[in-house]
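**Q** What follows is entry.cif, made up of mmCIF, N, CA and C atoms:
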data_coords
loop_
_atom_site.label_atom_id
_atom_site.label_comp_id
_atom_site.auth_asym_id
_atom_site.auth_seq_id
_atom_site.Cartn_x
_atom_site.Cartn_y
_atom_site.Cartn_z
N ALA A 87 95.05 92.52 100.95
CA ALA A 87 94.36 92.35 99.69
C ALA A 87 95.20 91.52 98.71
N ALA A 88 96.52 91.74 98.69
CA ALA A 88 97.38 90.99 97.76
C ALA A 88 97.34 89.50 98.07
N ALA A 89 97.36 89.15 99.35
CA ALA A 89 97.31 87.74 99.73
C ALA A 89 95.98 87.12 99.29
N PHE A 90 94.89 87.87 99.43
CA PHE A 90 93.58 87.40 99.02
C PHE A 90 93.55 87.15 97.52
N ILE A 91 94.09 88.08 96.77
CA ILE A 91 94.13 87.92 95.31
C ILE A 91 94.92 86.67 94.94
N LYS A 92 96.05 86.46 95.59
CA LYS A 92 96.88 85.30 95.26
C LYS A 92 96.21 83.98 95.63
N GLN A 93 95.32 83.99 96.61
CA GLN A 93 94.57 82.77 96.94
C GLN A 93 93.67 82.37 95.79
N HIS A 94 93.21 83.36 95.02
CA HIS A 94 92.25 83.09 93.95
C HIS A 94 92.88 83.13 92.56
N ASP A 95 94.07 83.65 92.45
CA ASP A 95 94.73 83.74 91.14
C ASP A 95 96.24 83.64 91.34
N THR A 96 96.76 82.46 91.12
CA THR A 96 98.19 82.24 91.30
C THR A 96 98.99 82.43 90.01
N ALA A 97 98.29 82.72 88.92
CA ALA A 97 98.95 82.81 87.63
C ALA A 97 99.42 84.21 87.26
N HIS A 98 99.00 85.23 88.03
CA HIS A 98 99.32 86.60 87.66
C HIS A 98 99.99 87.33 88.82
N PRO A 99 100.93 88.21 88.50
CA PRO A 99 101.55 89.00 89.57
C PRO A 99 100.57 90.04 90.13
N VAL A 100 100.80 90.42 91.36
CA VAL A 100 99.98 91.43 92.02
C VAL A 100 100.80 92.71 92.11
N ALA A 101 100.21 93.80 91.63
CA ALA A 101 100.87 95.11 91.67
C ALA A 101 100.18 96.01 92.67
N CYS A 102 100.93 96.94 93.20
CA CYS A 102 100.40 97.93 94.12
C CYS A 102 101.00 99.28 93.74
N ILE A 103 100.17 100.30 93.67
CA ILE A 103 100.63 101.65 93.35
C ILE A 103 101.00 102.38 94.63
N TYR A 104 102.12 103.07 94.58
CA TYR A 104 102.59 103.84 95.73
C TYR A 104 103.02 105.20 95.23
N GLY A 105 102.64 106.24 95.93
CA GLY A 105 103.01 107.61 95.54
C GLY A 105 104.38 107.97 96.05
N GLU A 106 105.29 108.28 95.14
CA GLU A 106 106.68 108.62 95.49
C GLU A 106 107.33 107.49 96.27
N LEU A 107 108.49 107.72 96.86
CA LEU A 107 109.24 106.64 97.49
C LEU A 107 109.24 106.69 99.02
N GLY A 108 108.92 107.84 99.60
CA GLY A 108 108.93 107.94 101.05
C GLY A 108 108.00 106.92 101.69
N GLY A 109 108.53 106.08 102.55
CA GLY A 109 107.73 105.06 103.22
C GLY A 109 107.59 103.76 102.46
N LEU A 110 108.09 103.69 101.24
CA LEU A 110 107.95 102.46 100.45
C LEU A 110 108.63 101.28 101.11
N GLN A 111 109.77 101.49 101.71
CA GLN A 111 110.49 100.38 102.34
C GLN A 111 109.63 99.73 103.42
N ASP A 112 108.97 100.53 104.23
CA ASP A 112 108.08 100.00 105.27
C ASP A 112 106.89 99.31 104.65
N ALA A 113 106.30 99.92 103.62
CA ALA A 113 105.15 99.30 102.95
C ALA A 113 105.54 97.96 102.35
N ALA A 114 106.68 97.91 101.69
CA ALA A 114 107.14 96.67 101.06
C ALA A 114 107.41 95.58 102.10
N ALA A 115 107.90 95.98 103.26
CA ALA A 115 108.17 95.01 104.33
C ALA A 115 106.87 94.39 104.86
N HIS A 116 105.79 95.17 104.87
CA HIS A 116 104.51 94.67 105.37
C HIS A 116 103.66 94.01 104.29
N LEU A 117 103.84 94.43 103.06
CA LEU A 117 103.03 93.91 101.95
C LEU A 117 103.87 92.96 101.11
N THR A 118 104.28 91.87 101.72
CA THR A 118 105.20 90.94 101.06
C THR A 118 104.58 90.19 99.90
N ASP A 119 103.25 90.16 99.81
CA ASP A 119 102.60 89.47 98.69
C ASP A 119 102.52 90.32 97.42
N VAL A 120 102.92 91.58 97.51
CA VAL A 120 102.98 92.42 96.32
C VAL A 120 104.20 91.99 95.50
N ASP A 121 103.98 91.73 94.20
CA ASP A 121 105.06 91.26 93.33
C ASP A 121 105.78 92.38 92.61
N VAL A 122 105.08 93.47 92.35
CA VAL A 122 105.64 94.57 91.58
C VAL A 122 105.03 95.87 92.09
N TRP A 123 105.85 96.92 92.15
CA TRP A 123 105.38 98.21 92.65
C TRP A 123 105.23 99.20 91.51
N GLY A 124 104.14 99.93 91.53
CA GLY A 124 103.94 101.06 90.63
C GLY A 124 104.16 102.33 91.43
N ILE A 125 104.96 103.23 90.91
CA ILE A 125 105.28 104.46 91.61
C ILE A 125 104.72 105.65 90.83
N ASN A 126 104.00 106.53 91.52
CA ASN A 126 103.49 107.75 90.91
C ASN A 126 104.46 108.87 91.22
N VAL A 127 105.09 109.42 90.19
CA VAL A 127 106.17 110.38 90.40
C VAL A 127 105.96 111.63 89.54
N TYR A 128 106.00 112.78 90.20
CA TYR A 128 105.96 114.07 89.51
C TYR A 128 107.07 114.93 90.10
N ARG A 129 108.21 114.91 89.46
CA ARG A 129 109.36 115.67 89.96
C ARG A 129 109.82 116.72 88.96
N GLY A 130 109.01 117.01 88.01
CA GLY A 130 109.40 117.97 86.99
C GLY A 130 109.81 117.27 85.72
N LYS A 131 110.87 117.73 85.12
CA LYS A 131 111.31 117.25 83.81
C LYS A 131 112.24 116.04 83.90
N GLY A 132 112.52 115.58 85.11
CA GLY A 132 113.37 114.41 85.29
C GLY A 132 112.99 113.68 86.56
N PHE A 133 113.46 112.45 86.68
CA PHE A 133 113.16 111.64 87.84
C PHE A 133 114.23 111.74 88.93
N GLY A 134 115.31 112.46 88.65
CA GLY A 134 116.38 112.57 89.63
C GLY A 134 116.98 111.22 89.95
N ASP A 135 117.16 110.94 91.22
CA ASP A 135 117.77 109.68 91.65
C ASP A 135 116.74 108.61 91.96
N MET A 136 115.50 108.79 91.53
CA MET A 136 114.42 107.89 91.90
C MET A 136 114.70 106.43 91.58
N PHE A 137 115.27 106.13 90.42
CA PHE A 137 115.52 104.73 90.06
C PHE A 137 116.58 104.10 90.96
N ASP A 138 117.62 104.84 91.27
CA ASP A 138 118.67 104.33 92.15
C ASP A 138 118.16 104.14 93.57
N VAL A 139 117.40 105.12 94.06
CA VAL A 139 116.84 105.01 95.41
C VAL A 139 115.88 103.82 95.48
N TYR A 140 115.06 103.65 94.46
CA TYR A 140 114.13 102.52 94.43
C TYR A 140 114.90 101.21 94.52
N ALA A 141 115.96 101.07 93.71
CA ALA A 141 116.75 99.83 93.70
C ALA A 141 117.35 99.54 95.06
N ASP A 142 117.65 100.56 95.83
CA ASP A 142 118.18 100.37 97.18
C ASP A 142 117.10 99.95 98.18
N LEU A 143 115.83 100.21 97.86
CA LEU A 143 114.72 99.92 98.78
C LEU A 143 114.18 98.51 98.65
N THR A 144 114.13 98.01 97.42
CA THR A 144 113.54 96.69 97.18
C THR A 144 114.11 96.09 95.90
N SER A 145 114.10 94.78 95.85
CA SER A 145 114.58 94.09 94.64
C SER A 145 113.43 93.76 93.69
N LYS A 146 112.22 94.14 94.06
CA LYS A 146 111.07 93.84 93.20
C LYS A 146 111.01 94.81 92.03
N PRO A 147 110.49 94.35 90.89
CA PRO A 147 110.40 95.24 89.73
C PRO A 147 109.41 96.36 89.96
N MET A 148 109.54 97.42 89.14
CA MET A 148 108.65 98.58 89.28
C MET A 148 108.28 99.13 87.92
N PHE A 149 107.19 99.88 87.92
CA PHE A 149 106.78 100.65 86.75
C PHE A 149 106.31 102.00 87.25
N LEU A 150 106.24 102.96 86.36
CA LEU A 150 105.72 104.27 86.71
C LEU A 150 104.21 104.21 86.51
N GLY A 151 103.46 104.25 87.60
CA GLY A 151 102.00 104.21 87.52
C GLY A 151 101.44 105.51 86.97
N GLU A 152 102.14 106.61 87.26
CA GLU A 152 101.79 107.92 86.72
C GLU A 152 103.08 108.72 86.56
N TYR A 153 103.20 109.37 85.43
CA TYR A 153 104.26 110.36 85.22
C TYR A 153 103.82 111.30 84.12
N GLY A 154 104.42 112.46 84.07
CA GLY A 154 104.08 113.40 83.01
C GLY A 154 104.25 114.83 83.47
N ALA A 155 103.74 115.73 82.66
CA ALA A 155 103.85 117.16 82.94
C ALA A 155 102.55 117.84 82.54
N ASP A 156 102.21 118.86 83.27
CA ASP A 156 101.01 119.63 83.00
C ASP A 156 101.20 120.47 81.73
N ALA A 157 100.12 120.69 81.01
CA ALA A 157 100.17 121.57 79.83
C ALA A 157 100.08 123.04 80.23
N TRP A 158 99.67 123.30 81.47
CA TRP A 158 99.52 124.68 81.92
C TRP A 158 100.84 125.20 82.42
N ASP A 159 101.25 126.33 81.91
CA ASP A 159 102.49 126.98 82.31
C ASP A 159 102.14 128.17 83.20
N ALA A 160 102.35 128.01 84.50
CA ALA A 160 101.97 129.06 85.45
C ALA A 160 102.82 130.31 85.29
N ARG A 161 103.97 130.18 84.64
CA ARG A 161 104.83 131.36 84.45
C ARG A 161 104.21 132.34 83.46
N SER A 162 103.59 131.80 82.43
CA SER A 162 102.99 132.66 81.40
C SER A 162 101.46 132.70 81.51
N ASN A 163 100.92 131.93 82.46
CA ASN A 163 99.48 131.84 82.65
C ASN A 163 98.76 131.43 81.36
N SER A 164 99.35 130.41 80.70
CA SER A 164 98.78 129.92 79.44
C SER A 164 99.21 128.47 79.21
N GLU A 165 98.57 127.84 78.25
CA GLU A 165 98.98 126.50 77.86
C GLU A 165 100.36 126.56 77.22
N ASN A 166 101.13 125.51 77.42
CA ASN A 166 102.44 125.40 76.80
C ASN A 166 102.60 123.94 76.38
N LEU A 167 101.96 123.60 75.28
CA LEU A 167 101.95 122.22 74.82
C LEU A 167 103.34 121.75 74.39
N GLN A 168 104.16 122.67 73.89
CA GLN A 168 105.52 122.31 73.51
C GLN A 168 106.33 121.86 74.73
N ALA A 169 106.21 122.60 75.83
CA ALA A 169 106.92 122.23 77.06
C ALA A 169 106.40 120.90 77.61
N GLN A 170 105.09 120.69 77.53
CA GLN A 170 104.53 119.42 77.98
C GLN A 170 105.07 118.26 77.15
N ALA A 171 105.12 118.44 75.83
CA ALA A 171 105.63 117.39 74.94
C ALA A 171 107.11 117.13 75.22
N GLU A 172 107.87 118.19 75.42
CA GLU A 172 109.31 118.05 75.71
C GLU A 172 109.52 117.27 77.01
N ALA A 173 108.79 117.63 78.04
CA ALA A 173 108.93 116.94 79.33
C ALA A 173 108.52 115.48 79.21
N THR A 174 107.42 115.21 78.51
CA THR A 174 106.96 113.82 78.35
C THR A 174 107.99 113.00 77.60
N ARG A 175 108.58 113.59 76.55
CA ARG A 175 109.64 112.88 75.81
C ARG A 175 110.83 112.61 76.70
N ASP A 176 111.31 113.62 77.43
CA ASP A 176 112.48 113.45 78.29
C ASP A 176 112.24 112.41 79.38
N LEU A 177 111.07 112.46 80.00
CA LEU A 177 110.75 111.50 81.05
C LEU A 177 110.68 110.08 80.48
N THR A 178 110.06 109.93 79.32
CA THR A 178 109.95 108.61 78.69
C THR A 178 111.33 108.08 78.33
N GLU A 179 112.20 108.93 77.82
CA GLU A 179 113.56 108.50 77.50
C GLU A 179 114.31 108.07 78.76
N GLU A 180 114.05 108.74 79.86
CA GLU A 180 114.70 108.36 81.12
C GLU A 180 114.20 106.99 81.60
N ILE A 181 112.92 106.71 81.40
CA ILE A 181 112.39 105.38 81.73
C ILE A 181 113.09 104.32 80.89
N VAL A 182 113.24 104.59 79.61
CA VAL A 182 113.91 103.63 78.71
C VAL A 182 115.36 103.42 79.16
N GLU A 183 116.04 104.47 79.59
CA GLU A 183 117.42 104.35 80.07
C GLU A 183 117.53 103.44 81.29
N HIS A 184 116.46 103.34 82.07
CA HIS A 184 116.46 102.51 83.29
C HIS A 184 115.60 101.26 83.11
N SER A 185 115.47 100.84 81.87
CA SER A 185 114.60 99.71 81.54
C SER A 185 115.15 98.39 82.09
N SER A 186 114.25 97.55 82.56
CA SER A 186 114.63 96.22 83.02
C SER A 186 115.16 95.37 81.86
N VAL A 187 114.86 95.75 80.64
CA VAL A 187 115.37 95.03 79.47
C VAL A 187 116.89 95.14 79.39
N THR A 188 117.42 96.25 79.87
CA THR A 188 118.88 96.47 79.81
C THR A 188 119.51 96.45 81.21
N GLY A 189 118.83 95.82 82.18
CA GLY A 189 119.40 95.68 83.52
C GLY A 189 118.91 96.69 84.54
N GLY A 190 118.03 97.59 84.14
CA GLY A 190 117.49 98.57 85.09
C GLY A 190 116.36 98.00 85.91
N VAL A 191 115.71 98.86 86.69
CA VAL A 191 114.65 98.40 87.60
C VAL A 191 113.24 98.65 87.08
N CYS A 192 113.11 99.38 85.98
CA CYS A 192 111.79 99.84 85.52
C CYS A 192 111.36 99.11 84.25
N PHE A 193 110.12 98.64 84.23
CA PHE A 193 109.66 97.98 83.00
C PHE A 193 108.57 98.75 82.28
N GLY A 194 108.48 100.05 82.53
CA GLY A 194 107.56 100.87 81.75
C GLY A 194 106.88 101.92 82.59
N GLY A 195 105.88 102.55 81.98
CA GLY A 195 105.16 103.59 82.70
C GLY A 195 103.94 104.04 81.93
N PHE A 196 103.07 104.75 82.64
CA PHE A 196 101.84 105.28 82.08
C PHE A 196 101.86 106.79 82.16
N VAL A 197 101.76 107.43 81.00
CA VAL A 197 101.69 108.90 80.98
C VAL A 197 100.34 109.30 81.57
N PHE A 198 100.39 110.23 82.50
CA PHE A 198 99.16 110.72 83.12
C PHE A 198 99.17 112.23 83.02
N GLU A 199 98.33 112.79 82.39
CA GLU A 199 97.40 112.26 81.44
C GLU A 199 97.35 113.16 80.24
N PHE A 200 96.70 112.76 79.18
CA PHE A 200 96.69 113.57 77.97
C PHE A 200 95.75 114.75 78.05
N ALA A 201 94.82 114.73 78.99
CA ALA A 201 93.91 115.85 79.21
C ALA A 201 94.14 116.39 80.62
N ASP A 202 94.39 117.67 80.73
CA ASP A 202 94.55 118.27 82.06
C ASP A 202 93.24 118.17 82.82
N GLU A 203 93.32 118.21 84.12
CA GLU A 203 92.14 117.99 84.96
C GLU A 203 91.50 119.30 85.40
N TRP A 204 91.13 120.12 84.43
CA TRP A 204 90.57 121.43 84.76
C TRP A 204 89.25 121.31 85.52
N TRP A 205 88.56 120.20 85.38
CA TRP A 205 87.28 120.02 86.06
C TRP A 205 87.46 119.87 87.58
N LYS A 206 88.69 119.71 88.04
CA LYS A 206 88.92 119.60 89.48
C LYS A 206 88.86 120.95 90.19
N ASP A 207 88.86 122.03 89.45
CA ASP A 207 88.75 123.36 90.04
C ASP A 207 87.27 123.60 90.35
N SER A 208 86.92 123.57 91.64
CA SER A 208 85.51 123.68 92.01
C SER A 208 84.90 125.03 91.64
N ASP A 209 85.73 126.03 91.38
CA ASP A 209 85.21 127.34 90.98
C ASP A 209 85.07 127.46 89.47
N GLY A 210 85.56 126.47 88.74
CA GLY A 210 85.54 126.54 87.28
C GLY A 210 84.43 125.70 86.67
N SER A 211 84.50 125.57 85.36
CA SER A 211 83.52 124.80 84.61
C SER A 211 84.08 123.42 84.29
N ALA A 212 83.21 122.43 84.36
CA ALA A 212 83.62 121.08 83.98
C ALA A 212 83.73 120.94 82.47
N TRP A 213 83.27 121.94 81.72
CA TRP A 213 83.20 121.84 80.27
C TRP A 213 84.12 122.80 79.54
N VAL A 214 84.76 123.71 80.26
CA VAL A 214 85.61 124.71 79.64
C VAL A 214 86.99 124.65 80.27
N HIS A 215 88.02 124.69 79.45
CA HIS A 215 89.38 124.66 79.97
C HIS A 215 89.74 126.05 80.50
N ASP A 216 89.37 126.29 81.76
CA ASP A 216 89.62 127.57 82.37
C ASP A 216 91.00 127.55 83.05
N THR A 217 91.33 128.60 83.73
CA THR A 217 92.68 128.74 84.29
C THR A 217 92.73 128.52 85.79
N GLY A 218 91.74 127.90 86.38
CA GLY A 218 91.76 127.63 87.81
C GLY A 218 92.62 126.43 88.16
N GLY A 219 92.60 126.08 89.42
CA GLY A 219 93.37 124.93 89.88
C GLY A 219 94.80 125.30 90.16
N SER A 220 95.69 124.34 90.02
CA SER A 220 97.10 124.59 90.31
C SER A 220 97.97 123.82 89.33
N ALA A 221 99.15 124.35 89.09
CA ALA A 221 100.16 123.68 88.29
C ALA A 221 101.34 123.42 89.21
N PRO A 222 101.46 122.22 89.77
CA PRO A 222 102.55 121.95 90.69
C PRO A 222 103.89 122.30 90.04
N GLY A 223 104.74 122.92 90.79
CA GLY A 223 106.04 123.31 90.27
C GLY A 223 106.08 124.74 89.77
N GLY A 224 104.93 125.34 89.55
CA GLY A 224 104.87 126.74 89.15
C GLY A 224 105.26 127.02 87.72
N GLY A 225 105.46 126.02 86.93
CA GLY A 225 105.85 126.24 85.54
C GLY A 225 105.27 125.16 84.65
N PRO A 226 105.91 124.90 83.55
CA PRO A 226 105.37 123.88 82.64
C PRO A 226 105.70 122.46 83.08
N TYR A 227 106.57 122.28 84.05
CA TYR A 227 106.94 120.92 84.48
C TYR A 227 106.41 120.69 85.86
#
Starting from the file, lay out its structure as structure tokens.

**A**
Amino acid sequence: AAAFIKQHDTAHPVACIYGELGGLQDAAAHLTDVDVWGINVYRGKGFGDMFDVYADLTSKPMFLGEYGADAWDARSNSENLQAQAEATRDLTEEIVEHSSVTGGVCFGGFVFEFADEWWKDSDGSAWVHDTGGSAPGGGPY
């Protein structure tokens, strides 16, 4: 698909979203027409070694296609907007620390998302923020 896009538009870079880093090296080797990678990462309140590992896998620039924290705190079985805000701030600051502007590999990211996806719980209501579904990590992050 990236090669097809480049045949019709040579003026813009082609991005591809990839979930986490496992297998990215193989994908990048086969998808050589991709100019920039977007990575969807949910590791809690920090990215760990993700930026360093990414830099070892490819020299192409990257952005966070999705990052953030759930507002649901499974520990207390309630919303925890303060913890969500804290995690979002910390994650955003970590992106800035690894910014391509200052020599890092990352040129930004998209917070996902400002509304929790309670409608994905098939036993719940699409219109009411009920307590179904799951909160990966078992807590506010």

**Q** Please extract the residues of chain A with a backbone DSSP assignment of alpha helix (DSSP H) and present them as a PyMOL selection string.

**A** chain A and resi 88-94+110-116+136-143+167-183

**Q** Deliver the residues from the most recent selection as a file, using N, CA and C atoms, as a short mmCIF file (atom, residue, chain, number, x, y, z; two decimals), in the frame of the given file.

**A**
data_model
loop_
_atom_site.label_atom_id
_atom_site.label_comp_id
_atom_site.auth_asym_id
_atom_site.auth_seq_id
_atom_site.Cartn_x
_atom_site.Cartn_y
_atom_site.Cartn_z
N ALA A 88 96.52 91.74 98.69
CA ALA A 88 97.38 90.99 97.76
C ALA A 88 97.34 89.50 98.07
N ALA A 89 97.36 89.15 99.35
CA ALA A 89 97.31 87.74 99.73
C ALA A 89 95.98 87.12 99.29
N PHE A 90 94.89 87.87 99.43
CA PHE A 90 93.58 87.40 99.02
C PHE A 90 93.55 87.15 97.52
N ILE A 91 94.09 88.08 96.77
CA ILE A 91 94.13 87.92 95.31
C ILE A 91 94.92 86.67 94.94
N LYS A 92 96.05 86.46 95.59
CA LYS A 92 96.88 85.30 95.26
C LYS A 92 96.21 83.98 95.63
N GLN A 93 95.32 83.99 96.61
CA GLN A 93 94.57 82.77 96.94
C GLN A 93 93.67 82.37 95.79
N HIS A 94 93.21 83.36 95.02
CA HIS A 94 92.25 83.09 93.95
C HIS A 94 92.88 83.13 92.56
N LEU A 110 108.09 103.69 101.24
CA LEU A 110 107.95 102.46 100.45
C LEU A 110 108.63 101.28 101.11
N GLN A 111 109.77 101.49 101.71
CA GLN A 111 110.49 100.38 102.34
C GLN A 111 109.63 99.73 103.42
N ASP A 112 108.97 100.53 104.23
CA ASP A 112 108.08 100.00 105.27
C ASP A 112 106.89 99.31 104.65
N ALA A 113 106.30 99.92 103.62
CA ALA A 113 105.15 99.30 102.95
C ALA A 113 105.54 97.96 102.35
N ALA A 114 106.68 97.91 101.69
CA ALA A 114 107.14 96.67 101.06
C ALA A 114 107.41 95.58 102.10
N ALA A 115 107.90 95.98 103.26
CA ALA A 115 108.17 95.01 104.33
C ALA A 115 106.87 94.39 104.86
N HIS A 116 105.79 95.17 104.87
CA HIS A 116 104.51 94.67 105.37
C HIS A 116 103.66 94.01 104.29
N MET A 136 115.50 108.79 91.53
CA MET A 136 114.42 107.89 91.90
C MET A 136 114.70 106.43 91.58
N PHE A 137 115.27 106.13 90.42
CA PHE A 137 115.52 104.73 90.06
C PHE A 137 116.58 104.10 90.96
N ASP A 138 117.62 104.84 91.27
CA ASP A 138 118.67 104.33 92.15
C ASP A 138 118.16 104.14 93.57
N VAL A 139 117.40 105.12 94.06
CA VAL A 139 116.84 105.01 95.41
C VAL A 139 115.88 103.82 95.48
N TYR A 140 115.06 103.65 94.46
CA TYR A 140 114.13 102.52 94.43
C TYR A 140 114.90 101.21 94.52
N ALA A 141 115.96 101.07 93.71
CA ALA A 141 116.75 99.83 93.70
C ALA A 141 117.35 99.54 95.06
N ASP A 142 117.65 100.56 95.83
CA ASP A 142 118.18 100.37 97.18
C ASP A 142 117.10 99.95 98.18
N LEU A 143 115.83 100.21 97.86
CA LEU A 143 114.72 99.92 98.78
C LEU A 143 114.18 98.51 98.65
N LEU A 167 101.96 123.60 75.28
CA LEU A 167 101.95 122.22 74.82
C LEU A 167 103.34 121.75 74.39
N GLN A 168 104.16 122.67 73.89
CA GLN A 168 105.52 122.31 73.51
C GLN A 168 106.33 121.86 74.73
N ALA A 169 106.21 122.60 75.83
CA ALA A 169 106.92 122.23 77.06
C ALA A 169 106.40 120.90 77.61
N GLN A 170 105.09 120.69 77.53
CA GLN A 170 104.53 119.42 77.98
C GLN A 170 105.07 118.26 77.15
N ALA A 171 105.12 118.44 75.83
CA ALA A 171 105.63 117.39 74.94
C ALA A 171 107.11 117.13 75.22
N GLU A 172 107.87 118.19 75.42
CA GLU A 172 109.31 118.05 75.71
C GLU A 172 109.52 117.27 77.01
N ALA A 173 108.79 117.63 78.04
CA ALA A 173 108.93 116.94 79.33
C ALA A 173 108.52 115.48 79.21
N THR A 174 107.42 115.21 78.51
CA THR A 174 106.96 113.82 78.35
C THR A 174 107.99 113.00 77.60
N ARG A 175 108.58 113.59 76.55
CA ARG A 175 109.64 112.88 75.81
C ARG A 175 110.83 112.61 76.70
N ASP A 176 111.31 113.62 77.43
CA ASP A 176 112.48 113.45 78.29
C ASP A 176 112.24 112.41 79.38
N LEU A 177 111.07 112.46 80.00
CA LEU A 177 110.75 111.50 81.05
C LEU A 177 110.68 110.08 80.48
N THR A 178 110.06 109.93 79.32
CA THR A 178 109.95 108.61 78.69
C THR A 178 111.33 108.08 78.33
N GLU A 179 112.20 108.93 77.82
CA GLU A 179 113.56 108.50 77.50
C GLU A 179 114.31 108.07 78.76
N GLU A 180 114.05 108.74 79.86
CA GLU A 180 114.70 108.36 81.12
C GLU A 180 114.20 106.99 81.60
N ILE A 181 112.92 106.71 81.40
CA ILE A 181 112.39 105.38 81.73
C ILE A 181 113.09 104.32 80.89
N VAL A 182 113.24 104.59 79.61
CA VAL A 182 113.91 103.63 78.71
C VAL A 182 115.36 103.42 79.16
N GLU A 183 116.04 104.47 79.59
CA GLU A 183 117.42 104.35 80.07
C GLU A 183 117.53 103.44 81.29
#

**Q** Nearest to A:Ser145: which of A:Glu172, A:Val214, A:Leu107, A:Asp121 is it, counting all atoms listed in the file?

**A**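 Smallest distance to A:Ser145 is found for A:Asp121.
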
**Q** Return the single residue from A:Val139, A:Val182, A:Val187, A:Val127 that is closest to A:Gly151, with distances computed using all atoms listed in the file.

**A**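 Ranked by minimum distance to A:Gly151, first place goes to A:Val127.
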
**Q** Please report the interatomic distance between atom CA of A:Pro147 and atom CA of A:His184 in Å with one decimal.

**A** 11.4 Å

**Q** Would you work out the distance separating atom CA of A:Pro226 from atom C of A:Gln168, expressed in Å to one decimal?

**A**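 These two atoms are separated by 8.2 Å.
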
**Q** Expressed in Å to a single decimal, how great is the separation between atom CA of A:Val197 and atom CA of A:Phe90?

**A**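 So the answer is 29.2 Å.
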
**Q** Considering all atoms listed in the file, can you say which of A:Lys92, A:Leu110, A:Tyr227, A:Phe133 comes closest to A:Ala169?

**A** A:Tyr227

**Q** Can you give me, as a compact mmCIF listing (two decimals) with N, CA and C atoms, in the coordinates of the input, the residues this file yields under the PyMOL selection byres (((chain A and resi 141 and name CA) around 12) and name CA)?

**A**
# COMPACT_ATOMS: atom_id res chain seq x y z
N LEU A 107 108.49 107.72 96.86
CA LEU A 107 109.24 106.64 97.49
C LEU A 107 109.24 106.69 99.02
N LEU A 110 108.09 103.69 101.24
CA LEU A 110 107.95 102.46 100.45
C LEU A 110 108.63 101.28 101.11
N GLN A 111 109.77 101.49 101.71
CA GLN A 111 110.49 100.38 102.34
C GLN A 111 109.63 99.73 103.42
N TRP A 123 105.85 96.92 92.15
CA TRP A 123 105.38 98.21 92.65
C TRP A 123 105.23 99.20 91.51
N ASP A 135 117.16 110.94 91.22
CA ASP A 135 117.77 109.68 91.65
C ASP A 135 116.74 108.61 91.96
N MET A 136 115.50 108.79 91.53
CA MET A 136 114.42 107.89 91.90
C MET A 136 114.70 106.43 91.58
N PHE A 137 115.27 106.13 90.42
CA PHE A 137 115.52 104.73 90.06
C PHE A 137 116.58 104.10 90.96
N ASP A 138 117.62 104.84 91.27
CA ASP A 138 118.67 104.33 92.15
C ASP A 138 118.16 104.14 93.57
N VAL A 139 117.40 105.12 94.06
CA VAL A 139 116.84 105.01 95.41
C VAL A 139 115.88 103.82 95.48
N TYR A 140 115.06 103.65 94.46
CA TYR A 140 114.13 102.52 94.43
C TYR A 140 114.90 101.21 94.52
N ASP A 142 117.65 100.56 95.83
CA ASP A 142 118.18 100.37 97.18
C ASP A 142 117.10 99.95 98.18
N LEU A 143 115.83 100.21 97.86
CA LEU A 143 114.72 99.92 98.78
C LEU A 143 114.18 98.51 98.65
N THR A 144 114.13 98.01 97.42
CA THR A 144 113.54 96.69 97.18
C THR A 144 114.11 96.09 95.90
N SER A 145 114.10 94.78 95.85
CA SER A 145 114.58 94.09 94.64
C SER A 145 113.43 93.76 93.69
N LYS A 146 112.22 94.14 94.06
CA LYS A 146 111.07 93.84 93.20
C LYS A 146 111.01 94.81 92.03
N PRO A 147 110.49 94.35 90.89
CA PRO A 147 110.40 95.24 89.73
C PRO A 147 109.41 96.36 89.96
N MET A 148 109.54 97.42 89.14
CA MET A 148 108.65 98.58 89.28
C MET A 148 108.28 99.13 87.92
N HIS A 184 116.46 103.34 82.07
CA HIS A 184 116.46 102.51 83.29
C HIS A 184 115.60 101.26 83.11
N SER A 186 114.25 97.55 82.56
CA SER A 186 114.63 96.22 83.02
C SER A 186 115.16 95.37 81.86
N GLY A 189 118.83 95.82 82.18
CA GLY A 189 119.40 95.68 83.52
C GLY A 189 118.91 96.69 84.54
N GLY A 190 118.03 97.59 84.14
CA GLY A 190 117.49 98.57 85.09
C GLY A 190 116.36 98.00 85.91
N VAL A 191 115.71 98.86 86.69
CA VAL A 191 114.65 98.40 87.60
C VAL A 191 113.24 98.65 87.08
N CYS A 192 113.11 99.38 85.98
CA CYS A 192 111.79 99.84 85.52
C CYS A 192 111.36 99.11 84.25

**Q** Given the PyMOL selection byres (((chain A and resi 87 and name CA) around 10) and name CA) and the file above, list the residues it selects as a list in words.

**A**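 Taken on the displayed file, the PyMOL selection byres (((chain A and resi 87 and name CA) around 10) and name CA) yields the residues Ala88, Ala89, Phe90, Ile91, Lys92, Gln93, Val100, Cys102, Leu117, Asp119 and Val120 of chain A.
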
**Q** Which polymer residues have any atom within 7 Å of an atom of stretch 153-157 of chain A, counting only C-alpha atoms, with same-chain residues fewer than 3 positions away left out, as a list in words?

**A**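 Neighbouring residues, sequence-local ones excluded: Asn126, Val127, Tyr128, Gly130, Leu150, Glu165, Asn166, Leu167, Gln170, Ala173, Thr174, Phe196, Val197, Phe198, Glu199, Asp202, Ala221, Pro226 and Tyr227 of chain A.
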
**Q** So which residues of stretch 95-227 of chain A fall under strand (DSSP E or B) by DSSP, listed as number ranges by chain?

**A** A: 101-105, 122-126, 148-153, 158-159, 164-165, 185, 192-197

**Q** Rank A:Ala101, A:Gly210, A:Thr178, A:Trp158 by their smallest atom-to-atom distance to A:Ala114, using only C-alpha atoms, and report the top residue only.

**A** A:Ala101
